[in-house]
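The file entry00.csv contains CSV, C-alpha atoms:
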chain,number,residue,atom,x,y,z
H,475,MET,CA,164.9,88.6,105.9
H,476,CYS,CA,164.8,85.0,105.1
H,477,GLY,CA,163.4,83.8,101.7
H,478,ALA,CA,160.4,82.2,103.3
H,479,VAL,CA,159.3,85.5,104.9
H,480,ASN,CA,159.8,87.4,101.6
H,481,HIS,CA,157.9,84.7,99.7
H,482,SER,CA,155.0,84.8,102.1
H,483,LEU,CA,154.8,88.6,102.0
H,484,CYS,CA,154.9,88.7,98.2
H,485,ASN,CA,152.4,85.9,97.8
H,486,ASP,CA,150.0,87.7,100.1
H,487,LEU,CA,150.5,91.0,98.2
H,488,CYS,CA,150.0,89.4,94.8
H,489,SER,CA,146.9,87.5,95.7
H,490,SER,CA,145.2,90.3,97.7
H,491,TRP,CA,146.2,93.6,96.0
H,492,PRO,CA,142.7,94.1,94.5
H,493,LYS,CA,141.2,94.3,98.0
H,494,LEU,CA,144.0,96.0,100.0
H,495,THR,CA,143.3,99.4,101.6
H,496,ARG,CA,145.8,102.3,101.5
H,497,GLU,CA,146.8,101.5,105.0
H,498,GLN,CA,147.4,97.8,104.2
H,499,PHE,CA,149.5,98.8,101.2
H,500,ALA,CA,151.7,101.0,103.4
H,501,GLU,CA,152.3,98.0,105.8
H,502,VAL,CA,154.0,96.0,103.0
H,503,MET,CA,155.5,98.6,100.8
H,504,ALA,CA,158.6,100.5,101.9
H,505,PRO,CA,158.2,104.3,102.2
H,506,ASP,CA,160.5,104.8,99.3
H,507,CYS,CA,159.4,101.8,97.2
H,508,ARG,CA,159.3,102.0,93.5
H,509,TYR,CA,156.5,100.4,91.5
H,510,ILE,CA,157.1,100.1,87.8
H,511,ASN,CA,154.9,98.7,85.1
H,512,ILE,CA,157.7,97.7,82.7
H,513,PRO,CA,155.8,98.4,79.5
H,514,TRP,CA,155.6,102.0,80.6
H,515,PRO,CA,159.0,102.6,82.3
H,516,ASP,CA,158.5,106.4,82.5
H,517,GLN,CA,155.5,105.9,84.8
H,518,VAL,CA,157.2,105.1,88.0
H,519,CYS,CA,155.2,105.2,91.2
H,520,THR,CA,157.3,106.1,94.3
H,521,GLY,CA,156.0,105.2,97.7
H,522,PRO,CA,153.0,103.2,98.8
H,523,ASP,CA,150.6,106.1,98.3
H,524,GLU,CA,151.4,106.6,94.6
H,525,SER,CA,151.4,102.8,94.1
H,526,PHE,CA,148.0,102.5,95.7
H,527,ASP,CA,146.6,105.5,93.8
H,528,PHE,CA,147.6,103.9,90.5
H,529,LEU,CA,146.0,100.6,91.3
H,530,ARG,CA,142.9,102.1,92.9
H,531,TYR,CA,141.2,102.6,89.5
H,532,PHE,CA,141.4,98.9,88.9
H,533,GLN,CA,140.2,98.0,92.4
H,534,THR,CA,137.1,100.2,92.0
H,535,THR,CA,136.3,99.4,88.3
H,536,TYR,CA,136.9,95.6,88.2
H,537,GLU,CA,136.5,92.5,90.3
H,538,ILE,CA,139.9,91.0,90.0
H,539,GLU,CA,140.9,87.4,90.6
H,540,ILE,CA,144.5,86.4,91.0
H,541,ALA,CA,145.9,82.9,90.2
H,542,ILE,CA,149.5,82.5,91.3
H,543,LEU,CA,151.0,80.0,88.9
H,544,ARG,CA,154.7,79.9,90.0
H,545,GLU,CA,157.0,81.7,92.4
H,546,VAL,CA,160.7,81.7,92.8
H,547,VAL,CA,162.6,83.1,95.7
H,548,GLY,CA,166.3,83.9,95.9
H,549,GLY,CA,167.2,85.8,99.1
H,550,ASP,CA,165.8,89.3,98.8
H,551,VAL,CA,164.3,88.8,95.3
H,552,VAL,CA,160.9,87.1,94.7
H,553,MET,CA,159.4,86.4,91.2
H,554,SER,CA,155.8,85.7,90.8
H,555,GLU,CA,154.1,84.4,87.6
H,556,ARG,CA,150.3,85.0,87.8
H,557,LEU,CA,147.1,85.3,85.8
H,558,GLU,CA,145.0,88.3,86.7
H,559,THR,CA,141.4,88.1,85.5
H,560,PHE,CA,139.5,91.4,85.3
H,561,ARG,CA,135.7,91.3,85.4
H,562,ARG,CA,133.6,94.5,85.1
H,563,ALA,CA,132.2,95.2,88.5
H,564,SER,CA,128.9,96.3,87.0
H,565,ASP,CA,128.0,93.0,85.3
H,566,GLY,CA,130.8,90.4,86.0
H,567,VAL,CA,131.8,90.1,82.4
H,568,VAL,CA,135.4,89.1,81.9
H,569,VAL,CA,137.2,91.8,80.0
H,570,LEU,CA,140.8,90.7,80.4
H,571,GLU,CA,142.8,87.7,81.4
H,572,LEU,CA,146.3,89.1,81.8
H,573,PRO,CA,149.5,87.0,82.3
H,574,VAL,CA,151.8,89.0,84.6
H,575,THR,CA,155.3,88.3,86.0
H,576,GLY,CA,156.3,90.4,88.9
H,577,VAL,CA,159.8,90.9,90.3
H,578,PHE,CA,160.0,92.1,93.9
H,579,GLY,CA,163.1,93.5,95.5
H,580,MET,CA,162.7,93.1,99.3
H,581,ARG,CA,164.3,95.2,102.1
H,582,ASP,CA,163.8,94.8,105.8
H,583,GLY,CA,160.6,92.7,105.3
H,584,MET,CA,159.0,95.2,102.9
H,585,VAL,CA,158.7,95.6,99.2
H,586,ALA,CA,161.4,98.1,98.1
H,587,GLU,CA,160.9,97.6,94.4
H,588,MET,CA,158.0,96.0,92.4
H,589,ARG,CA,158.3,95.5,88.6
H,590,ASP,CA,155.4,94.0,86.6
H,591,TYR,CA,155.9,92.6,83.1
H,592,PHE,CA,152.9,92.1,80.8
H,593,ASP,CA,151.6,92.8,77.3
H,594,SER,CA,150.7,96.5,77.3
H,595,ALA,CA,148.5,96.0,74.2
H,596,ALA,CA,146.3,93.7,76.1
H,597,VAL,CA,145.9,96.2,79.0
H,598,THR,CA,145.4,99.4,76.9
H,599,PRO,CA,141.6,98.9,76.4
H,600,ILE,CA,140.9,98.8,80.1
H,601,MET,CA,143.2,101.7,81.2
H,602,PRO,CA,141.7,104.9,82.4
H,603,VAL,CA,141.3,107.6,79.8
Full structure transcribed into structure tokens:
Amino acid sequence: MCGAVNHSLCNDLCSSWPKLTREQFAEVMAPDCRYINIPWPDQVCTGPDESFDFLRYFQTTYEIEIAILREVVGGDVVMSERLETFRRASDGVVVLELPVTGVFGMRDGMVAEMRDYFDSAAVTPIMPV
């Protein structure tokens, strides 16, 4: 795949993951994809269903705005620096503004590996118990 296609796919995924359905997730994530939140390297999600299931809690608990700040593409690798703002769905109060850098490994027009880097101490208060 060309860098422009990979860039477009990752840009769409980064900006819209809070609203994607399970089916839409499966359209962009390879069946054997690996999603890793680097602060917790032992919690690897394999496949689009596991990845979706992990993110579903955030989709249903928070309204999430994504601001993509910078992106870099080199062949089958896309890097995305973004700011994710989490608002409680119940009252709209901002509970977290999280800087995230994602590194995406692409294969055949799909995400084969997704690694997100962020400050785990900032996220811990909004994680499910």
Point-to-point distance in Å for CA of Asn480 in chain H and CA of Glu571 in chain H: 26.4 Å
Distance criterion (only C-alpha atoms): nearest to Thr598 in chain H out of H:Arg561, H:Met553, H:Trp514, H:Cys519: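 Ranking H:Arg561, H:Met553, H:Trp514, H:Cys519 by distance to Thr598 in chain H, first place goes to H:Trp514.
CA of Arg562 in chain H sits 27.3 Å away from CA of Met503 in chain H.
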Top pick for closest residue to Val547 in chain H, considering H:Leu570, H:Ala504, H:Ala596, H:Met580 and counting only C-alpha atoms: H:Met580
Nearest to Thr575 in chain H by atom-to-atom distance, counting all atoms listed in the file, from H:Tyr531, H:Pro602, H:Cys488, H:Gly549: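 Distance minimum relative to Thr575 in chain H lands on H:Cys488.
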Computed interatomic separation between CA of Ile538 in chain H and CA of Phe578 in chain H (Å):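 Calculated distance between CA of Ile538 in chain H and CA of Phe578 in chain H is 20.5 Å.
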Residues within 12 Å of (153.5, 88.7, 98.2), file coords, all atoms listed in the file, listed as JSON, numbers by chain: {"H": [477, 478, 479, 480, 481, 482, 483, 484, 485, 486, 487, 488, 489, 490, 491, 499, 502, 503, 540, 542, 545, 546, 547, 551, 552, 553, 554, 555, 556, 576, 577, 578, 579, 580, 583, 584, 585, 588]}
Shortest interatomic distance to Ser594 in chain H - which of H:Leu543, H:Cys507, H:Leu494, H:Ile512, counting all atoms listed in the file: H:Ile512
Within-12 Å shell of (145.3, 99.0, 89.3) in input frame, all atoms listed in the file, as a count of residues only: 30
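Distance check against Arg544 in chain H using all atoms listed in the file: of H:Pro599, H:Gly521, H:Pro573, H:Gly566, the minimum falls on H:Pro573.
Minimum atom-to-atom distance to Pro522 in chain H, evaluated using all atoms listed in the file, belongs to H:Arg496 out of H:Arg496, H:Ala541, H:Val567, H:Leu557.
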